>>> print(open('my_file_2.cif').read())   # mmCIF, C-alpha atoms
data_target
loop_
_atom_site.group_PDB
_atom_site.id
_atom_site.type_symbol
_atom_site.label_atom_id
_atom_site.label_comp_id
_atom_site.auth_asym_id
_atom_site.auth_seq_id
_atom_site.Cartn_x
_atom_site.Cartn_y
_atom_site.Cartn_z
ATOM 1 C CA MET A 1 -47.246 -8.735 -24.121
ATOM 2 C CA SER A 2 -44.678 -10.680 -26.096
ATOM 3 C CA PHE A 3 -45.563 -14.162 -27.297
ATOM 4 C CA TYR A 4 -42.368 -15.322 -25.600
ATOM 5 C CA THR A 5 -42.946 -13.803 -22.165
ATOM 6 C CA THR A 6 -43.076 -16.563 -19.564
ATOM 7 C CA GLU A 7 -45.300 -16.782 -16.523
ATOM 8 C CA GLU A 8 -42.172 -16.442 -14.388
ATOM 9 C CA ARG A 9 -41.309 -13.107 -16.058
ATOM 10 C CA VAL A 10 -44.864 -11.860 -15.566
ATOM 11 C CA TYR A 11 -44.798 -12.919 -11.921
ATOM 12 C CA GLU A 12 -41.462 -11.187 -11.371
ATOM 13 C CA LEU A 13 -42.918 -7.910 -12.646
ATOM 14 C CA VAL A 14 -46.445 -7.932 -11.235
ATOM 15 C CA SER A 15 -45.422 -9.144 -7.782
ATOM 16 C CA ARG A 16 -43.861 -5.707 -7.283
ATOM 17 C CA ALA A 17 -47.405 -4.396 -6.723
ATOM 18 C CA GLY A 18 -48.278 -6.983 -4.059
ATOM 19 C CA ASP A 19 -48.898 -10.607 -3.208
ATOM 20 C CA ILE A 20 -50.144 -12.602 -6.193
ATOM 21 C CA LYS A 21 -52.923 -15.108 -5.667
ATOM 22 C CA LYS A 22 -52.976 -16.453 -9.230
ATOM 23 C CA ILE A 23 -51.742 -15.762 -12.744
ATOM 24 C CA ILE A 24 -53.713 -17.312 -15.590
ATOM 25 C CA MET A 25 -51.737 -17.363 -18.827
ATOM 26 C CA GLY A 26 -52.657 -18.684 -22.298
ATOM 27 C CA LEU A 27 -54.286 -21.882 -23.400
ATOM 28 C CA ASP A 28 -51.451 -24.131 -22.242
ATOM 29 C CA THR A 29 -47.787 -23.868 -21.392
ATOM 30 C CA ASN A 30 -46.700 -24.898 -24.919
ATOM 31 C CA THR A 31 -48.837 -22.398 -26.860
ATOM 32 C CA PRO A 32 -47.711 -18.755 -26.724
ATOM 33 C CA CYS A 33 -50.606 -16.322 -26.709
ATOM 34 C CA GLY A 34 -49.258 -12.853 -25.877
ATOM 35 C CA PHE A 35 -51.614 -12.066 -22.989
ATOM 36 C CA CYS A 36 -52.819 -13.166 -19.560
ATOM 37 C CA PHE A 37 -56.433 -14.046 -18.964
ATOM 38 C CA GLY A 38 -56.256 -13.182 -15.305
ATOM 39 C CA LEU A 39 -54.022 -11.698 -12.691
ATOM 40 C CA LEU A 40 -55.428 -12.026 -9.189
ATOM 41 C CA TYR A 41 -54.048 -10.295 -6.126
ATOM 42 C CA TYR A 42 -54.976 -11.028 -2.526
ATOM 43 C CA SER A 43 -55.996 -7.419 -1.871
ATOM 44 C CA HIS A 44 -57.905 -4.791 -3.800
ATOM 45 C CA GLU A 45 -55.216 -2.223 -2.925
ATOM 46 C CA ASP A 46 -52.524 -4.343 -4.603
ATOM 47 C CA THR A 47 -54.751 -4.653 -7.667
ATOM 48 C CA GLU A 48 -55.140 -0.884 -7.805
ATOM 49 C CA ASP A 49 -51.357 -0.478 -7.508
ATOM 50 C CA ALA A 50 -50.829 -2.868 -10.431
ATOM 51 C CA VAL A 51 -53.241 -0.896 -12.607
ATOM 52 C CA LYS A 52 -51.583 2.410 -11.624
ATOM 53 C CA TYR A 53 -47.916 1.485 -11.672
ATOM 54 C CA ILE A 54 -47.381 -1.624 -13.804
ATOM 55 C CA SER A 55 -49.642 -0.876 -16.740
ATOM 56 C CA GLY A 56 -47.494 0.663 -19.471
ATOM 57 C CA ILE A 57 -44.181 -0.872 -18.373
ATOM 58 C CA ILE A 58 -42.188 -2.526 -21.162
ATOM 59 C CA LEU A 59 -41.537 -6.259 -20.638
ATOM 60 C CA ASP A 60 -39.696 -8.273 -23.295
ATOM 61 C CA ASP A 61 -39.901 -5.321 -25.727
ATOM 62 C CA ARG A 62 -43.703 -5.023 -25.449
ATOM 63 C CA PRO A 63 -45.886 -2.800 -23.253
ATOM 64 C CA ILE A 64 -47.836 -4.399 -20.427
ATOM 65 C CA ARG A 65 -51.452 -3.376 -19.942
ATOM 66 C CA VAL A 66 -53.201 -4.045 -16.640
ATOM 67 C CA ASP A 67 -56.928 -3.342 -16.349
ATOM 68 C CA PHE A 68 -59.702 -4.148 -13.912
ATOM 69 C CA ASP A 69 -62.029 -6.893 -15.083
ATOM 70 C CA TRP A 70 -65.136 -6.544 -12.976
ATOM 71 C CA GLY A 71 -66.813 -9.497 -14.675
ATOM 72 C CA PHE A 72 -63.958 -12.014 -14.608
ATOM 73 C CA ASP A 73 -65.014 -15.572 -13.854
ATOM 74 C CA GLU A 74 -62.269 -18.211 -13.428
ATOM 75 C CA ARG A 75 -64.490 -20.729 -15.211
ATOM 76 C CA GLN A 76 -63.945 -18.728 -18.431
ATOM 77 C CA ALA A 77 -60.173 -19.173 -18.340
ATOM 78 C CA MET A 78 -58.376 -21.584 -20.651
ATOM 79 C CA GLY A 79 -61.367 -22.411 -22.820
ATOM 80 C CA SER A 80 -63.581 -23.810 -20.077
ATOM 81 C CA TRP A 81 -66.490 -21.374 -20.601
ATOM 82 C CA SER A 82 -68.415 -23.797 -22.820
ATOM 83 C CA ASN A 83 -67.962 -26.573 -20.239
ATOM 84 C CA TRP A 84 -69.288 -24.314 -17.476
ATOM 85 C CA TRP A 85 -72.187 -23.127 -19.604
ATOM 86 C CA SER A 86 -73.379 -26.637 -20.375
ATOM 87 C CA SER A 87 -72.869 -27.944 -16.831
ATOM 88 C CA GLU A 88 -74.556 -24.980 -15.101
ATOM 89 C CA ARG A 89 -77.669 -24.866 -17.308
#
>>> encode(input="my_file_2.cif", output="C-alpha cells")
Amino acid sequence: MSFYTTEERVYELVSRAGDIKKIIMGLDTNTPCGFCFGLLYYSHEDTEDAVKYISGIILDDRPIRVDFDWGFDERQAMGSWSNWWSSER
C-alpha cells in the first residue's frame, strides 16, 4: 500500500466486499506507514470476499494485499501490545 493512501481510500475500496466494522491504519493519522494493521468485517463471508477479490487490486499505484489473520488481537494495534502485556500479567 502507498504511504499516501488514506483511510478513506482504503474504506472506499474494501467496502465493496461488505460492511466494514473497523479499519486500523498506522501509528497515527500524521505518520504514513504503508499498511493497515487490521480490517474487520461484520461477517466471515465478507472477509472471504475481500481476500478473494480485493487482494491484488492496485490502489494509489501499489498492490493491495488482504490476508486472514487468525491471531489478530485489537490490543496489539497502534503500539499498545506492551501496555496490554504489562497490564494482563
>>> atom_distance(input="my_file_2.cif", atom1="CA of Lys52 (chain A)", atom2="CA of Asp19 (chain A)")
15.7 Å
>>> resolve_selection(input="my_file_2.cif", expression="the PyMOL selection byres ((chain A and resi 46) around 10)", output="list in words")
Val14, Ser15, Arg16, Ala17, Gly18, Asp19, Ile20, Leu40, Tyr41, Tyr42, Ser43, His44, Glu45, Thr47, Glu48, Asp49, Ala50, Val51 and Lys52 of chain A
>>> write_last_selection(input="my_file_2.cif", atoms="C-alpha atoms", output="PDB file, keeping the file's coordinate frame")
ATOM      1  CA  VAL A  14     -46.445  -7.932 -11.235  1.00  0.00           C
ATOM      2  CA  SER A  15     -45.422  -9.144  -7.782  1.00  0.00           C
ATOM      3  CA  ARG A  16     -43.861  -5.707  -7.283  1.00  0.00           C
ATOM      4  CA  ALA A  17     -47.405  -4.396  -6.723  1.00  0.00           C
ATOM      5  CA  GLY A  18     -48.278  -6.983  -4.059  1.00  0.00           C
ATOM      6  CA  ASP A  19     -48.898 -10.607  -3.208  1.00  0.00           C
ATOM      7  CA  ILE A  20     -50.144 -12.602  -6.193  1.00  0.00           C
ATOM      8  CA  LEU A  40     -55.428 -12.026  -9.189  1.00  0.00           C
ATOM      9  CA  TYR A  41     -54.048 -10.295  -6.126  1.00  0.00           C
ATOM     10  CA  TYR A  42     -54.976 -11.028  -2.526  1.00  0.00           C
ATOM     11  CA  SER A  43     -55.996  -7.419  -1.871  1.00  0.00           C
ATOM     12  CA  HIS A  44     -57.905  -4.791  -3.800  1.00  0.00           C
ATOM     13  CA  GLU A  45     -55.216  -2.223  -2.925  1.00  0.00           C
ATOM     14  CA  THR A  47     -54.751  -4.653  -7.667  1.00  0.00           C
ATOM     15  CA  GLU A  48     -55.140  -0.884  -7.805  1.00  0.00           C
ATOM     16  CA  ASP A  49     -51.357  -0.478  -7.508  1.00  0.00           C
ATOM     17  CA  ALA A  50     -50.829  -2.868 -10.431  1.00  0.00           C
ATOM     18  CA  VAL A  51     -53.241  -0.896 -12.607  1.00  0.00           C
ATOM     19  CA  LYS A  52     -51.583   2.410 -11.624  1.00  0.00           C
TER      20      LYS A  52
END
>>> resolve_selection(input="my_file_2.cif", expression="the PyMOL selection byres ((chain A and resi 62-69) around 12)", output="ChimeraX atom specification")
/A:1-5,9-10,13-14,17,34-41,44,46-61,70-74
>>> write_last_selection(input="my_file_2.cif", atoms="C-alpha atoms", output="PDB file, in the coordinates of the input")
ATOM      1  CA  MET A   1     -47.246  -8.735 -24.121  1.00  0.00           C
ATOM      2  CA  SER A   2     -44.678 -10.680 -26.096  1.00  0.00           C
ATOM      3  CA  PHE A   3     -45.563 -14.162 -27.297  1.00  0.00           C
ATOM      4  CA  TYR A   4     -42.368 -15.322 -25.600  1.00  0.00           C
ATOM      5  CA  THR A   5     -42.946 -13.803 -22.165  1.00  0.00           C
ATOM      6  CA  ARG A   9     -41.309 -13.107 -16.058  1.00  0.00           C
ATOM      7  CA  VAL A  10     -44.864 -11.860 -15.566  1.00  0.00           C
ATOM      8  CA  LEU A  13     -42.918  -7.910 -12.646  1.00  0.00           C
ATOM      9  CA  VAL A  14     -46.445  -7.932 -11.235  1.00  0.00           C
ATOM     10  CA  ALA A  17     -47.405  -4.396  -6.723  1.00  0.00           C
ATOM     11  CA  GLY A  34     -49.258 -12.853 -25.877  1.00  0.00           C
ATOM     12  CA  PHE A  35     -51.614 -12.066 -22.989  1.00  0.00           C
ATOM     13  CA  CYS A  36     -52.819 -13.166 -19.560  1.00  0.00           C
ATOM     14  CA  PHE A  37     -56.433 -14.046 -18.964  1.00  0.00           C
ATOM     15  CA  GLY A  38     -56.256 -13.182 -15.305  1.00  0.00           C
ATOM     16  CA  LEU A  39     -54.022 -11.698 -12.691  1.00  0.00           C
ATOM     17  CA  LEU A  40     -55.428 -12.026  -9.189  1.00  0.00           C
ATOM     18  CA  TYR A  41     -54.048 -10.295  -6.126  1.00  0.00           C
ATOM     19  CA  HIS A  44     -57.905  -4.791  -3.800  1.00  0.00           C
ATOM     20  CA  ASP A  46     -52.524  -4.343  -4.603  1.00  0.00           C
ATOM     21  CA  THR A  47     -54.751  -4.653  -7.667  1.00  0.00           C
ATOM     22  CA  GLU A  48     -55.140  -0.884  -7.805  1.00  0.00           C
ATOM     23  CA  ASP A  49     -51.357  -0.478  -7.508  1.00  0.00           C
ATOM     24  CA  ALA A  50     -50.829  -2.868 -10.431  1.00  0.00           C
ATOM     25  CA  VAL A  51     -53.241  -0.896 -12.607  1.00  0.00           C
ATOM     26  CA  LYS A  52     -51.583   2.410 -11.624  1.00  0.00           C
ATOM     27  CA  TYR A  53     -47.916   1.485 -11.672  1.00  0.00           C
ATOM     28  CA  ILE A  54     -47.381  -1.624 -13.804  1.00  0.00           C
ATOM     29  CA  SER A  55     -49.642  -0.876 -16.740  1.00  0.00           C
ATOM     30  CA  GLY A  56     -47.494   0.663 -19.471  1.00  0.00           C
ATOM     31  CA  ILE A  57     -44.181  -0.872 -18.373  1.00  0.00           C
ATOM     32  CA  ILE A  58     -42.188  -2.526 -21.162  1.00  0.00           C
ATOM     33  CA  LEU A  59     -41.537  -6.259 -20.638  1.00  0.00           C
ATOM     34  CA  ASP A  60     -39.696  -8.273 -23.295  1.00  0.00           C
ATOM     35  CA  ASP A  61     -39.901  -5.321 -25.727  1.00  0.00           C
ATOM     36  CA  TRP A  70     -65.136  -6.544 -12.976  1.00  0.00           C
ATOM     37  CA  GLY A  71     -66.813  -9.497 -14.675  1.00  0.00           C
ATOM     38  CA  PHE A  72     -63.958 -12.014 -14.608  1.00  0.00           C
ATOM     39  CA  ASP A  73     -65.014 -15.572 -13.854  1.00  0.00           C
ATOM     40  CA  GLU A  74     -62.269 -18.211 -13.428  1.00  0.00           C
TER      41      GLU A  74
END
>>> axis_aligned_box(input="my_file_2.cif", around="region 46-64 of chain A", padding_each_side="4 Å", output="lines of an AutoDock Vina configuration file")
center_x = -47.4
center_y = -2.9
center_z = -15.2
size_x = 23.4
size_y = 18.7
size_z = 29.1
